[in-house]
Structures are given as C-alpha cells and as structure tokens.
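> Got a file for you: protein-v6.cif, mmCIF, C-alpha atoms.
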data_entry
#
loop_
_atom_site.label_atom_id
_atom_site.label_comp_id
_atom_site.auth_asym_id
_atom_site.auth_seq_id
_atom_site.Cartn_x
_atom_site.Cartn_y
_atom_site.Cartn_z
CA MET A 265 -35.90 -74.06 -26.74
CA THR A 266 -33.44 -71.26 -26.11
CA THR A 267 -30.80 -71.38 -23.41
CA GLU A 268 -31.68 -67.90 -22.16
CA ALA A 269 -34.61 -69.13 -20.07
CA THR A 270 -32.40 -71.53 -18.11
CA LEU A 271 -29.68 -69.02 -17.21
CA PRO A 272 -29.89 -67.12 -13.89
CA THR A 273 -30.65 -63.45 -13.95
CA THR A 274 -27.68 -61.20 -13.21
CA ALA A 275 -28.54 -58.23 -10.93
CA ALA A 276 -27.02 -54.89 -11.89
CA SER A 277 -27.11 -53.48 -8.34
CA PRO A 278 -27.56 -54.92 -4.81
CA THR A 279 -31.04 -55.08 -3.38
CA ALA A 280 -32.13 -53.29 -0.21
CA ARG A 281 -31.95 -56.57 1.71
CA GLN A 282 -28.37 -57.13 0.59
CA VAL A 283 -27.37 -53.59 1.53
CA TRP A 284 -28.90 -54.00 5.01
CA THR A 285 -27.18 -57.38 5.49
CA ARG A 286 -23.81 -55.84 4.69
CA ALA A 287 -24.28 -52.64 6.69
CA ARG A 288 -26.10 -53.88 9.79
CA GLY A 289 -22.85 -54.65 11.64
CA ILE A 290 -21.52 -51.13 11.10
CA ALA A 291 -24.90 -49.61 12.00
CA LEU A 292 -25.05 -51.63 15.24
CA ALA A 293 -21.52 -50.51 16.17
CA LEU A 294 -22.42 -46.86 15.56
CA VAL A 295 -25.57 -47.17 17.68
CA LEU A 296 -23.62 -48.75 20.55
CA LEU A 297 -20.97 -46.04 20.29
CA LEU A 298 -23.62 -43.30 20.39
CA VAL A 299 -25.42 -44.87 23.36
CA GLY A 300 -22.12 -45.24 25.23
CA ALA A 301 -21.17 -41.62 24.58
CA VAL A 302 -24.56 -40.39 25.80
CA ALA A 303 -24.33 -42.56 28.92
CA ILE A 304 -20.84 -41.31 29.75
CA ALA A 305 -21.91 -37.70 29.19
CA VAL A 306 -24.93 -38.14 31.48
CA VAL A 307 -22.86 -39.77 34.23
CA ARG A 308 -20.13 -37.15 34.09
CA SER A 309 -22.59 -34.26 33.96
CA ASP A 310 -24.34 -35.57 37.08
CA ALA A 311 -21.06 -36.04 38.92
CA ARG A 312 -19.67 -32.56 38.18
CA HIS A 313 -22.83 -30.49 38.28
CA GLY A 314 -22.30 -27.24 40.20
CA GLU A 315 -18.58 -27.82 40.78
CA LEU A 316 -17.11 -25.40 43.36
CA ASP A 317 -20.47 -23.62 43.63
CA PRO A 318 -21.30 -22.64 47.24
CA ARG A 319 -25.00 -23.00 46.40
CA SER A 320 -24.64 -26.63 45.21
CA ALA A 321 -25.18 -29.63 47.48
CA ASP A 322 -23.78 -32.06 44.89
CA PRO A 323 -20.64 -34.06 45.78
CA TYR A 324 -18.40 -31.57 43.98
CA GLY A 325 -20.26 -28.50 45.15
CA SER A 326 -19.21 -26.31 48.08
CA ARG A 327 -22.43 -25.62 49.94
CA ALA A 328 -21.19 -27.32 53.11
CA VAL A 329 -18.33 -24.81 53.46
CA ALA A 330 -20.73 -21.89 52.98
CA GLU A 331 -23.13 -23.27 55.62
CA LEU A 332 -20.35 -23.74 58.18
CA LEU A 333 -19.07 -20.21 57.52
CA ALA A 334 -22.59 -18.84 57.94
CA ASP A 335 -22.79 -20.48 61.38
CA ARG A 336 -19.65 -18.52 62.30
CA GLY A 337 -21.05 -15.21 61.11
CA VAL A 338 -19.30 -15.06 57.72
CA SER A 339 -21.59 -14.14 54.84
CA THR A 340 -21.04 -15.70 51.41
CA ARG A 341 -21.97 -13.94 48.17
CA VAL A 342 -21.55 -15.38 44.68
CA VAL A 343 -20.45 -13.11 41.83
CA THR A 344 -20.02 -14.12 38.20
CA THR A 345 -18.40 -11.08 36.55
CA LEU A 346 -15.01 -9.47 36.86
CA ASP A 347 -16.49 -6.04 37.61
CA GLU A 348 -18.38 -7.43 40.63
CA ALA A 349 -15.27 -9.21 41.89
CA ARG A 350 -13.12 -6.09 41.59
CA ALA A 351 -15.74 -3.94 43.32
CA ALA A 352 -15.97 -6.43 46.22
CA ALA A 353 -12.27 -6.26 47.11
CA GLY A 354 -11.78 -4.65 50.51
CA PRO A 355 -10.16 -5.05 53.94
CA ASP A 356 -13.16 -6.92 55.41
CA THR A 357 -13.59 -9.27 52.45
CA THR A 358 -12.11 -12.57 51.35
CA LEU A 359 -12.25 -12.93 47.56
CA LEU A 360 -12.15 -16.54 46.36
CA VAL A 361 -11.42 -17.05 42.65
CA ALA A 362 -12.80 -20.51 41.89
CA VAL A 363 -11.35 -21.09 38.40
CA PRO A 364 -8.53 -18.59 37.74
CA ASP A 365 -7.46 -20.30 34.51
CA LEU A 366 -10.76 -19.34 32.80
CA LEU A 367 -9.86 -15.66 32.94
CA THR A 368 -8.06 -14.00 30.08
CA GLU A 369 -4.66 -12.40 30.51
CA ARG A 370 -6.17 -8.90 30.68
CA GLN A 371 -8.78 -10.03 33.22
CA GLN A 372 -6.16 -11.65 35.44
CA THR A 373 -4.02 -8.52 35.38
CA GLY A 374 -7.03 -6.32 36.17
CA LEU A 375 -8.10 -8.54 39.07
CA HIS A 376 -4.62 -8.44 40.59
CA SER A 377 -4.57 -4.64 40.33
CA ALA A 378 -7.90 -4.46 42.19
CA THR A 379 -6.92 -6.82 45.02
CA SER A 380 -3.37 -5.57 45.52
CA GLY A 381 -3.36 -3.05 48.33
CA SER A 382 -7.03 -3.62 49.21
CA GLY A 383 -6.20 -5.04 52.64
CA GLY A 384 -8.35 -8.14 52.07
CA ARG A 385 -7.52 -11.75 51.39
CA THR A 386 -7.49 -13.29 47.92
CA VAL A 387 -7.75 -17.07 47.64
CA LEU A 388 -6.71 -18.57 44.28
CA VAL A 389 -7.94 -22.12 43.78
CA ALA A 390 -5.49 -24.28 41.78
CA PRO A 391 -4.25 -21.63 39.34
CA GLY A 392 -2.06 -22.89 36.51
CA GLY A 393 1.34 -21.58 35.47
CA ALA A 394 0.25 -18.58 33.39
CA ALA A 395 -2.60 -17.60 35.73
CA VAL A 396 -0.61 -17.71 38.97
CA GLU A 397 2.21 -15.61 37.52
CA ARG A 398 -0.23 -12.77 36.78
CA LEU A 399 -2.51 -13.10 39.82
CA ALA A 400 0.35 -13.64 42.29
CA PRO A 401 3.54 -12.20 40.75
CA GLY A 402 6.63 -13.95 42.02
CA VAL A 403 4.95 -17.38 42.26
CA THR A 404 5.69 -20.14 39.76
CA ALA A 405 3.72 -23.35 39.20
CA ASP A 406 5.71 -26.52 38.70
CA PRO A 407 4.57 -28.66 35.75
CA ALA A 408 4.83 -31.87 37.82
CA LEU A 409 1.86 -32.42 40.14
CA SER A 410 2.02 -33.77 43.65
CA LEU A 411 2.11 -37.56 43.89
CA ASP A 412 0.08 -37.62 47.13
CA SER A 413 -3.25 -35.92 47.76
CA THR A 414 -3.04 -35.86 51.57
CA LEU A 415 -0.06 -33.92 52.93
CA ALA A 416 1.27 -32.67 56.27
CA PRO A 417 1.52 -28.91 57.02
CA ALA A 418 5.30 -28.69 57.71
CA CYS A 419 5.10 -24.89 58.17
CA ASP A 420 4.48 -22.25 60.87
CA LEU A 421 1.18 -20.94 59.47
CA PRO A 422 -1.28 -21.15 62.42
CA ALA A 423 -4.21 -22.22 60.22
CA ALA A 424 -2.22 -25.10 58.76
CA ARG A 425 -0.82 -26.22 62.11
CA ARG A 426 -4.30 -26.32 63.67
CA ALA A 427 -5.79 -28.18 60.69
CA GLY A 428 -3.08 -30.83 60.43
CA ASN A 429 -3.07 -33.14 57.43
CA ALA A 430 -5.26 -32.01 54.55
CA ASP A 431 -6.00 -32.85 50.92
CA THR A 432 -3.98 -30.07 49.33
CA GLY A 433 -1.93 -32.27 47.00
CA GLY A 434 -2.20 -30.98 43.45
CA ILE A 435 -0.26 -28.21 41.74
CA ARG A 436 3.06 -27.41 43.43
CA TYR A 437 4.39 -23.85 43.70
CA SER A 438 7.69 -22.11 44.34
CA THR A 439 8.39 -18.46 45.13
CA HIS A 440 11.28 -16.14 45.97
CA LEU A 441 8.99 -13.92 48.06
CA GLU A 442 8.63 -13.97 51.81
CA ALA A 443 5.73 -16.38 52.24
CA ASP A 444 4.36 -19.23 54.31
CA ALA A 445 5.04 -22.39 52.27
CA CYS A 446 2.90 -25.23 53.58
CA TYR A 447 2.00 -28.82 52.72
CA PRO A 448 5.16 -29.52 50.73
CA SER A 449 5.45 -32.29 48.17
CA ARG A 450 9.00 -33.06 47.02
CA ARG A 451 10.23 -29.76 48.53
CA LEU A 452 7.62 -27.60 46.77
CA ALA A 453 4.58 -26.19 48.57
CA THR A 454 0.99 -26.90 47.61
CA LEU A 455 -0.27 -23.99 49.74
CA LEU A 456 1.28 -20.53 49.86
CA ARG A 457 0.26 -17.50 51.90
CA ILE A 458 1.90 -14.36 50.55
CA PRO A 459 1.43 -11.29 52.76
CA ASP A 460 1.01 -7.83 51.26
CA PRO A 461 3.33 -5.59 53.33
CA SER A 462 1.76 -2.42 51.95
CA THR A 463 -1.58 -3.02 53.75
CA THR A 464 -2.70 -3.44 57.33
CA GLY A 465 -6.10 -4.62 58.50
CA PRO A 466 -8.16 -2.10 60.50
CA ALA A 467 -9.10 -4.12 63.56
CA GLN A 468 -7.19 -7.34 63.70
CA ASN A 469 -3.97 -5.64 62.53
CA ALA A 470 -3.84 -8.37 59.86
CA PRO A 471 -2.28 -7.36 56.59
CA GLY A 472 -3.84 -8.24 53.29
CA ASP A 473 -2.56 -11.41 51.70
CA THR A 474 -2.94 -13.86 48.87
CA VAL A 475 -3.45 -17.58 49.42
CA VAL A 476 -2.54 -19.92 46.58
CA LEU A 477 -4.18 -23.32 47.00
CA GLY A 478 -2.89 -26.20 44.87
CA ALA A 479 -6.03 -28.39 44.94
CA ARG A 480 -9.80 -27.97 45.18
CA ASP A 481 -10.48 -31.01 47.36
CA ILE A 482 -10.79 -29.21 50.72
CA LEU A 483 -13.72 -27.19 49.31
CA PHE A 484 -15.76 -30.10 47.95
CA ASN A 485 -18.76 -31.37 49.90
CA ASN A 486 -17.66 -35.00 49.64
CA HIS A 487 -14.14 -34.29 51.00
CA LEU A 488 -14.89 -31.71 53.66
CA ASP A 489 -15.18 -34.25 56.51
CA GLU A 490 -11.85 -35.94 55.68
CA HIS A 491 -8.61 -35.22 57.59
CA GLY A 492 -8.30 -31.52 58.44
CA ASN A 493 -10.01 -30.26 55.28
CA ALA A 494 -12.90 -28.54 57.06
CA SER A 495 -10.65 -26.79 59.58
CA LEU A 496 -8.26 -25.55 56.91
CA ALA A 497 -11.06 -24.35 54.63
CA LEU A 498 -12.88 -22.48 57.41
CA GLN A 499 -9.70 -20.75 58.60
CA LEU A 500 -8.62 -19.72 55.09
CA LEU A 501 -12.07 -18.42 54.10
CA GLY A 502 -13.29 -17.14 57.49
CA SER A 503 -10.60 -14.61 58.40
CA ARG A 504 -12.87 -11.72 57.23
CA ASP A 505 -16.55 -10.96 57.81
CA HIS A 506 -17.51 -11.34 54.16
CA LEU A 507 -16.65 -13.99 51.58
CA VAL A 508 -17.10 -13.16 47.88
CA TRP A 509 -17.08 -16.31 45.78
CA TYR A 510 -16.11 -15.49 42.19
CA LEU A 511 -17.33 -18.04 39.64
CA PRO A 512 -16.33 -16.92 36.12
CA SER A 513 -19.21 -17.45 33.69
CA LEU A 514 -20.28 -16.79 30.11
CA SER A 515 -21.84 -13.51 31.18
CA ASP A 516 -18.36 -12.26 32.10
CA LEU A 517 -17.50 -11.06 28.59
CA PRO A 518 -13.77 -10.66 27.94
CA ASP A 519 -12.20 -7.59 26.44
CA PRO A 520 -12.47 -7.62 22.59
CA ASP A 521 -8.67 -7.40 22.41
CA ASP A 522 -8.42 -10.70 24.31
CA GLU A 523 -10.57 -12.75 21.92
CA ARG A 524 -8.83 -15.98 21.10
CA SER A 525 -9.15 -18.24 18.09
CA PHE A 526 -10.40 -21.82 18.18
CA PHE A 527 -6.84 -23.19 18.23
CA ASP A 528 -5.94 -20.93 21.19
CA LEU A 529 -8.74 -22.55 23.20
CA LEU A 530 -7.45 -26.08 22.57
CA PRO A 531 -5.00 -27.47 25.13
CA SER A 532 -1.49 -27.95 23.80
CA GLY A 533 -1.76 -31.70 24.34
CA TRP A 534 -4.60 -31.95 21.81
CA LEU A 535 -2.55 -30.17 19.15
CA TRP A 536 0.45 -32.45 19.72
CA GLY A 537 -1.81 -35.49 19.70
CA THR A 538 -3.41 -34.43 16.41
CA LEU A 539 0.03 -33.93 14.86
CA GLN A 540 1.12 -37.40 15.99
CA LEU A 541 -2.04 -38.96 14.55
CA PHE A 542 -1.44 -37.18 11.25
CA ILE A 543 2.13 -38.49 11.09
CA ALA A 544 0.96 -42.01 11.97
CA ALA A 545 -1.72 -41.88 9.25
CA ALA A 546 0.84 -40.72 6.68
CA LEU A 547 3.23 -43.54 7.63
CA ALA A 548 0.39 -46.08 7.47
CA ALA A 549 -0.61 -44.82 4.00
CA LEU A 550 3.00 -45.07 2.84
CA TRP A 551 3.26 -48.57 4.26
CA ARG A 552 0.06 -49.72 2.59
CA ALA A 553 0.90 -48.18 -0.78
CA ARG A 554 1.72 -51.19 -2.94
CA ARG A 555 2.22 -49.42 -6.28
CA LEU A 556 4.81 -46.69 -5.99
CA GLY A 557 5.90 -47.09 -9.63
CA PRO A 558 4.22 -47.96 -12.96
CA LEU A 559 1.41 -50.50 -13.00
CA VAL A 560 2.45 -54.10 -13.53
CA PRO A 561 0.03 -56.36 -15.42
CA GLU A 562 -1.03 -59.42 -13.49
CA LYS A 563 -2.68 -62.59 -14.64
CA LEU A 564 -6.27 -63.05 -13.63
CA PRO A 565 -6.71 -65.76 -11.00
CA VAL A 566 -9.65 -67.20 -12.97
CA ALA A 567 -9.92 -67.47 -16.75
CA ILE A 568 -13.30 -66.31 -18.03
CA ARG A 569 -14.52 -67.53 -21.41
CA ALA A 570 -15.24 -64.86 -23.99
CA SER A 571 -18.73 -66.23 -24.58
CA GLU A 572 -19.61 -65.74 -20.89
CA THR A 573 -18.36 -62.15 -20.98
CA VAL A 574 -20.39 -61.39 -24.09
CA GLU A 575 -23.48 -63.01 -22.64
CA GLY A 576 -23.13 -61.17 -19.33
CA ARG A 577 -22.76 -57.79 -21.03
CA ALA A 578 -25.73 -58.59 -23.29
CA ARG A 579 -27.88 -59.32 -20.26
CA LEU A 580 -26.91 -56.00 -18.70
CA TYR A 581 -27.79 -54.18 -21.92
CA ARG A 582 -31.14 -55.98 -22.07
CA LYS A 583 -31.95 -55.29 -18.41
CA ALA A 584 -31.29 -51.58 -18.94
CA ASN A 585 -33.09 -51.53 -22.37
CA ALA A 586 -29.86 -50.07 -23.76
CA ARG A 587 -30.45 -51.00 -27.41
CA ASP A 588 -28.71 -47.81 -28.50
CA ARG A 589 -25.49 -48.75 -26.71
CA ALA A 590 -25.66 -52.33 -27.95
CA ALA A 591 -26.13 -51.15 -31.56
CA THR A 592 -23.28 -48.64 -31.19
CA ALA A 593 -20.97 -51.38 -29.89
CA LEU A 594 -21.91 -53.74 -32.78
CA ARG A 595 -21.41 -51.08 -35.46
CA SER A 596 -18.14 -49.82 -33.96
CA ALA A 597 -16.66 -53.34 -33.81
CA THR A 598 -17.77 -54.07 -37.37
CA ARG A 599 -16.25 -50.83 -38.71
CA THR A 600 -12.99 -51.53 -36.88
CA ARG A 601 -12.73 -55.00 -38.48
CA LEU A 602 -13.78 -53.84 -41.96
CA ALA A 603 -11.38 -50.88 -42.26
CA PRO A 604 -8.15 -52.92 -42.67
CA LEU A 605 -9.91 -55.22 -45.16
CA VAL A 606 -10.72 -52.31 -47.52
CA GLY A 607 -7.42 -50.47 -47.07
CA VAL A 608 -8.59 -47.76 -44.68
CA PRO A 609 -6.54 -46.92 -41.53
CA VAL A 610 -8.21 -47.92 -38.28
CA THR A 611 -8.05 -44.31 -37.11
CA GLN A 612 -10.44 -43.39 -39.98
CA ALA A 613 -12.72 -46.40 -39.59
CA HIS A 614 -15.44 -44.33 -37.91
CA THR A 615 -15.47 -41.57 -40.56
CA PRO A 616 -18.17 -42.17 -43.22
CA GLU A 617 -16.32 -40.10 -45.86
CA SER A 618 -13.27 -42.41 -45.64
CA LEU A 619 -14.83 -45.82 -44.99
CA LEU A 620 -17.93 -45.90 -47.21
CA PRO A 621 -16.29 -45.21 -50.62
CA ALA A 622 -13.59 -47.84 -50.02
CA LEU A 623 -16.17 -50.32 -48.75
CA SER A 624 -18.43 -49.85 -51.82
CA ALA A 625 -15.51 -50.68 -54.13
CA HIS A 626 -15.02 -54.08 -52.44
CA LEU A 627 -18.67 -55.10 -52.45
CA HIS A 628 -20.19 -57.15 -55.16
CA GLY A 629 -23.56 -55.66 -54.40
CA GLU A 630 -25.53 -53.71 -51.84
CA PRO A 631 -26.24 -55.39 -48.50
CA GLY A 632 -29.43 -57.31 -48.16
CA ASP A 633 -32.92 -55.85 -47.92
CA GLY A 634 -31.87 -52.68 -49.76
CA GLN A 635 -30.21 -51.27 -46.66
CA THR A 636 -27.69 -48.63 -47.63
CA LEU A 637 -24.20 -48.82 -46.21
CA HIS A 638 -24.53 -45.49 -44.41
CA THR A 639 -27.73 -46.50 -42.63
CA LEU A 640 -26.29 -49.90 -41.76
CA LEU A 641 -22.99 -48.67 -40.31
CA PHE A 642 -23.88 -45.17 -39.08
CA GLY A 643 -27.67 -45.18 -38.81
CA PRO A 644 -30.01 -44.53 -35.86
CA PRO A 645 -30.46 -47.07 -33.06
CA PRO A 646 -33.05 -49.83 -33.56
CA GLY A 647 -36.46 -49.35 -32.07
CA ASP A 648 -36.96 -52.82 -30.58
CA ASP A 649 -35.16 -56.09 -29.89
CA ALA A 650 -36.17 -57.58 -33.21
CA ALA A 651 -34.63 -54.66 -35.08
CA LEU A 652 -31.45 -55.04 -33.03
CA ILE A 653 -31.19 -58.74 -33.95
CA ALA A 654 -31.79 -57.88 -37.60
CA LEU A 655 -29.04 -55.25 -37.43
CA ALA A 656 -26.60 -57.82 -36.04
CA ASP A 657 -27.45 -60.26 -38.82
CA GLN A 658 -26.99 -57.59 -41.49
CA LEU A 659 -23.63 -56.54 -40.07
CA ASP A 660 -22.47 -60.18 -40.12
CA ALA A 661 -23.63 -60.51 -43.71
CA LEU A 662 -21.79 -57.34 -44.70
CA GLU A 663 -18.55 -58.56 -43.13
CA ARG A 664 -18.85 -61.95 -44.86
CA GLU A 665 -19.44 -60.17 -48.17
CA VAL A 666 -16.27 -58.09 -47.76
CA ARG A 667 -14.19 -61.10 -46.74
CA ARG A 668 -15.38 -63.10 -49.71
CA PRO A 669 -12.52 -63.49 -52.23
#
I need this file expressed as structure tokens, please.

Amino acid sequence: MTTEATLPTTAASPTARQVWTRARGIALALVLLLVGAVAIAVVRSDARHGELDPRSADPYGSRAVAELLADRGVSTRVVTTLDEARAAAGPDTTLLVAVPDLLTERQQTGLHSATSGSGGRTVLVAPGGAAVERLAPGVTADPALSLDSTLAPACDLPAARRAGNADTGGIRYSTHLEADACYPSRRLATLLRIPDPSTTGPAQNAPGDTVVLGARDILFNNHLDEHGNASLALQLLGSRDHLVWYLPSLSDLPDPDDERSFFDLLPSGWLWGTLQLFIAAALAALWRARRLGPLVPEKLPVAIRASETVEGRARLYRKANARDRAATALRSATRTRLAPLVGVPVTQAHTPESLLPALSAHLHGEPGDGQTLHTLLFGPPPGDDAALIALADQLDALEREVRRP
C-alpha cells in the first residue's frame, strides 16, 4: 500500500465557495454603502426640488411669494437665459437674480451693464464675493457668515422698518457707497439697498436701485409665514408692476471665452481637502514602510521538512499534469550535481558540448537500457507518469555510476 492514498489533496487555487466566504463581508458593506447613497440622494433631491422657483410649491420653492404678489397686481415671469433677463430690465420691472454665483464673469458684467441706468430694481439673492463685486460694484462680501438667521432691521429703510425682524442672516456685506444697510450682524449688513442716482422712476419718482439680500430664507415657501419674512419679500419684490424672475439654467450657454476647466468648477475647499488627503496618505505609506534599506533575512517561524516540500511540489505537478516541468527539474538538478564530479564548471553544466564528453570519460559503461547520455540528460519530456518514474530511476542510476570510485 502506498502512502499517497492516505494523504489529503492539496488545492492549487481557492474554490468558488471559499472566495464567496472571504468576500461576502466586503460585498455586503458595498451594497449597504450603495443603498445609503441612493437613499440620501433621493431624500435630498425631494427636499430641494424646484429651489427658488416661483412655480414650485415644494418647501424650498417660491410659489407662495408669486401668488401673494399676483393678488397685489404684480405679474411674475420666469426667464432662464441672460438675453431674456437683459431685455426685461426697465423702469417698471423688478429683476430678481436667483443664483448670481452660477453666472460667469462675462455674464455678470453684461447683466450689470443692462440693469445700470434702467430705472428698475435689481434684487440679488445671496451673491458671493466675486459675483457681488461685479453685479454691484462697491459692495464686498465678508467671508464670515452671520451667526444668527433672524435679525432686526436697525435701519431707516421703510420696507425693513415695516417688516420688522426677518430671516436675512447669511452673507454679510460692506460698502463705501451711499446705501441703506439693514439687518446688521456684527456691524455688517445682511441687506443693502443701493440707489442709482442717475435714474428716476416715471410715476413714483423712485430711482432705480439694487437690493443685495444675504439669505434666501424669506423667499422660501416654508419660511414665508415666519417673523416679517412675507412683508419684507412683498415690499422688495412688489415695488414695480412686473417681476422678472431669472433662474440661470443649462440653456443659458456661456460665452466660449468663459469656458472653465473641470478644476475651475471645483470649490477651493475640495482642492485643499484633496491635497491634505494626499499628504496624509504619503505620511501613512512612509510610516508603514518597514524596509527602507536592504532586505534582512529572517528565520522562518516554522521549520518545514524537505520531504514535505518535495511531496507538496510533486502533488502540484501531478495535479497540473506538468510532467515536462517535473522532468526538466529532475534533469537540471542531476546535471548541476554531476558537473563538479566530472570536472566541469557549474556554469557549463547545462551545455551538452561541455558536460557529455567529460561525463562519458568517467563512466564505466552506458546507462541502463541503452539510453544515450544526451537523451537521458537533455531529451524530450516523458509521455506519461510511468515514463517520468523511469526517467527518475535512470537519473539516479547515472549519478550512482559517476560517484562510484
């Protein structure tokens, strides 16, 4: 009885069941992450659908303001392109720019040129630093936001005094121009009304002006009934007979000269965050690098017997039917051991022209079964397992013959 039948079979690669057992935890985590991302996206998309749109009745829409203005005889028209917004500017029109920061620099400059001197009112909703400087020259946005959302008027503007407290807390502005600075937060206004002295209204003798509003809250449906939000919104937007609500959209194509790259569209905070993550990853890699110099040999924690290593490699060869590789390994090892015995350098042990003549001189006779030395040491691979075993026996016999004194 051979011992091969009693030894366990060694698998060359993990089975599908083993792969699934190892990977199911990671797969479950990825599925949960994907489901969570989809859920968050759905919730956020529902909450912000139609934001600042006078046609939207969602919590963050502005339909309630438009309906109240309609009851007072003020018509509301939505435009989505810069050309429509510029054409609508006039003494009897209030132009509301819902998202000024979405406009390019050239668009912002062009819109200011169209509204300046028109005699109408321009309402800018929460413009950032770069946008407000081009749409309302002379006004600067402070990088620090207001700490409170509800603020008191603290100014002489009639609309603000009648409205009282309102949710204007957001971006804070400063200006050197003559303006009504209302709803201050830490000495900076969150609402500015900047008159245009070069224009005069036809009937009400009201000059054109620009209103810079630091927050959007007073225009949202879900905040309109709080504090004096409704009163302030109606007075700011209802001073003219017509209200043009400008919502920048994808159809409002920018000038080709204003096209920005992908990195220009990313907020500066993302770029700084990415740089910090890169530095942290580099430091972590440096910290985890354990071999910064030459390799140092280490003792194996477990000593493995040579017979087990040979048997394990033999099983792998047999499982893969790699008789050619097994025969090559046997012949190469035999040639390496025989070369020093017959006076041939090890570097020439695998060259038939150098090894075979020296080997023939040390042999007392040809190897068994009439096998020539060339076929035995450099011949083709065996065709079956029996031939491989025979080759191993013949190589052992050849080595014993050479070692014989």
> Could you list the residues chosen by the PyMOL selection byres ((chain A and resi 615-629) around 9) in this structure as a compact mmCIF listing (two decimals) with C-alpha atoms, in the frame of the given file?

# COMPACT_ATOMS: atom_id res chain seq x y z
CA ARG A 599 -16.25 -50.83 -38.71
CA LEU A 602 -13.78 -53.84 -41.96
CA ALA A 603 -11.38 -50.88 -42.26
CA LEU A 605 -9.91 -55.22 -45.16
CA VAL A 606 -10.72 -52.31 -47.52
CA GLY A 607 -7.42 -50.47 -47.07
CA VAL A 608 -8.59 -47.76 -44.68
CA THR A 611 -8.05 -44.31 -37.11
CA GLN A 612 -10.44 -43.39 -39.98
CA ALA A 613 -12.72 -46.40 -39.59
CA HIS A 614 -15.44 -44.33 -37.91
CA GLU A 630 -25.53 -53.71 -51.84
CA PRO A 631 -26.24 -55.39 -48.50
CA GLY A 632 -29.43 -57.31 -48.16
CA LEU A 637 -24.20 -48.82 -46.21
CA HIS A 638 -24.53 -45.49 -44.41
CA LEU A 641 -22.99 -48.67 -40.31
CA PHE A 642 -23.88 -45.17 -39.08
CA LEU A 662 -21.79 -57.34 -44.70
CA GLU A 665 -19.44 -60.17 -48.17
CA VAL A 666 -16.27 -58.09 -47.76
> Might you spell out which residues the PyMOL selection byres ((chain A and resi 314-323) around 10) would select in the displayed file, as a PyMOL selection string?
chain A and resi 309-313+324-331+340-342+362-363+389+480-481+483-487+509-511
> Nearest to Arg457 (chain A) among A:Gly393, A:Gly433, A:Gly472, A:Gly300, with distances taken over only C-alpha atoms: which residue is it?
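With only C-alpha atoms as the atom set, the closest residue is A:Gly472.
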> Select, from A:Pro561, A:Pro417, A:Gly502, A:Pro644, the residue with the minimum atom-to-atom distance to Ser449 (chain A), counting all atoms listed in the file.
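Using all atoms listed in the file, Ser449 (chain A) sits closest to A:Pro417.
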> What do you get, as a ChimeraX atom specification, if you spell out every residue that the PyMOL selection byres ((chain A and resi 495) around 12) selects here?
/A:329,332-333,422-431,482-483,487-494,496-502
> Let's have the selection written as a JSON list (two decimals), in the coordinates of the input, with C-alpha atoms.

[["chain", "number", "residue", "atom", "x", "y", "z"],
["A", 329, "VAL", "CA", -18.33, -24.81, 53.46],
["A", 332, "LEU", "CA", -20.35, -23.74, 58.18],
["A", 333, "LEU", "CA", -19.07, -20.21, 57.52],
["A", 422, "PRO", "CA", -1.28, -21.15, 62.42],
["A", 423, "ALA", "CA", -4.21, -22.22, 60.22],
["A", 424, "ALA", "CA", -2.22, -25.10, 58.76],
["A", 425, "ARG", "CA", -0.82, -26.22, 62.11],
["A", 426, "ARG", "CA", -4.30, -26.32, 63.67],
["A", 427, "ALA", "CA", -5.79, -28.18, 60.69],
["A", 428, "GLY", "CA", -3.08, -30.83, 60.43],
["A", 429, "ASN", "CA", -3.07, -33.14, 57.43],
["A", 430, "ALA", "CA", -5.26, -32.01, 54.55],
["A", 431, "ASP", "CA", -6.00, -32.85, 50.92],
["A", 482, "ILE", "CA", -10.79, -29.21, 50.72],
["A", 483, "LEU", "CA", -13.72, -27.19, 49.31],
["A", 487, "HIS", "CA", -14.14, -34.29, 51.00],
["A", 488, "LEU", "CA", -14.89, -31.71, 53.66],
["A", 489, "ASP", "CA", -15.18, -34.25, 56.51],
["A", 490, "GLU", "CA", -11.85, -35.94, 55.68],
["A", 491, "HIS", "CA", -8.61, -35.22, 57.59],
["A", 492, "GLY", "CA", -8.30, -31.52, 58.44],
["A", 493, "ASN", "CA", -10.01, -30.26, 55.28],
["A", 494, "ALA", "CA", -12.90, -28.54, 57.06],
["A", 496, "LEU", "CA", -8.26, -25.55, 56.91],
["A", 497, "ALA", "CA", -11.06, -24.35, 54.63],
["A", 498, "LEU", "CA", -12.88, -22.48, 57.41],
["A", 499, "GLN", "CA", -9.70, -20.75, 58.60],
["A", 500, "LEU", "CA", -8.62, -19.72, 55.09],
["A", 501, "LEU", "CA", -12.07, -18.42, 54.10],
["A", 502, "GLY", "CA", -13.29, -17.14, 57.49]]
> Work out how far apart CA of Val574 (chain A) and CA of Thr279 (chain A) are and give it in Å to one decimal.
24.1 Å
> Go ahead and compute the interatomic distance for CA of Pro355 (chain A) and CA of Gln371 (chain A), in Å to one decimal.
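Computing it gives 21.4 Å between the two atoms.
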> CA of Glu442 (chain A) and CA of Val387 (chain A), how far apart in Å?
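Value for the CA of Val387 (chain A)-CA of Glu442 (chain A) distance: 17.2 Å.
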> Could you check the closest approach to Asp347 (chain A) for each of A:Leu507, A:Val283, A:Leu455, A:Ala378 and tell me which residue wins, using only C-alpha atoms?
A:Ala378
> Could you check which of A:Ala545, A:Ala390, A:Val566, A:Ala586 is closest to Ala479 (chain A), using all atoms listed in the file?
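Smallest distance to Ala479 (chain A) is found for A:Ala390.
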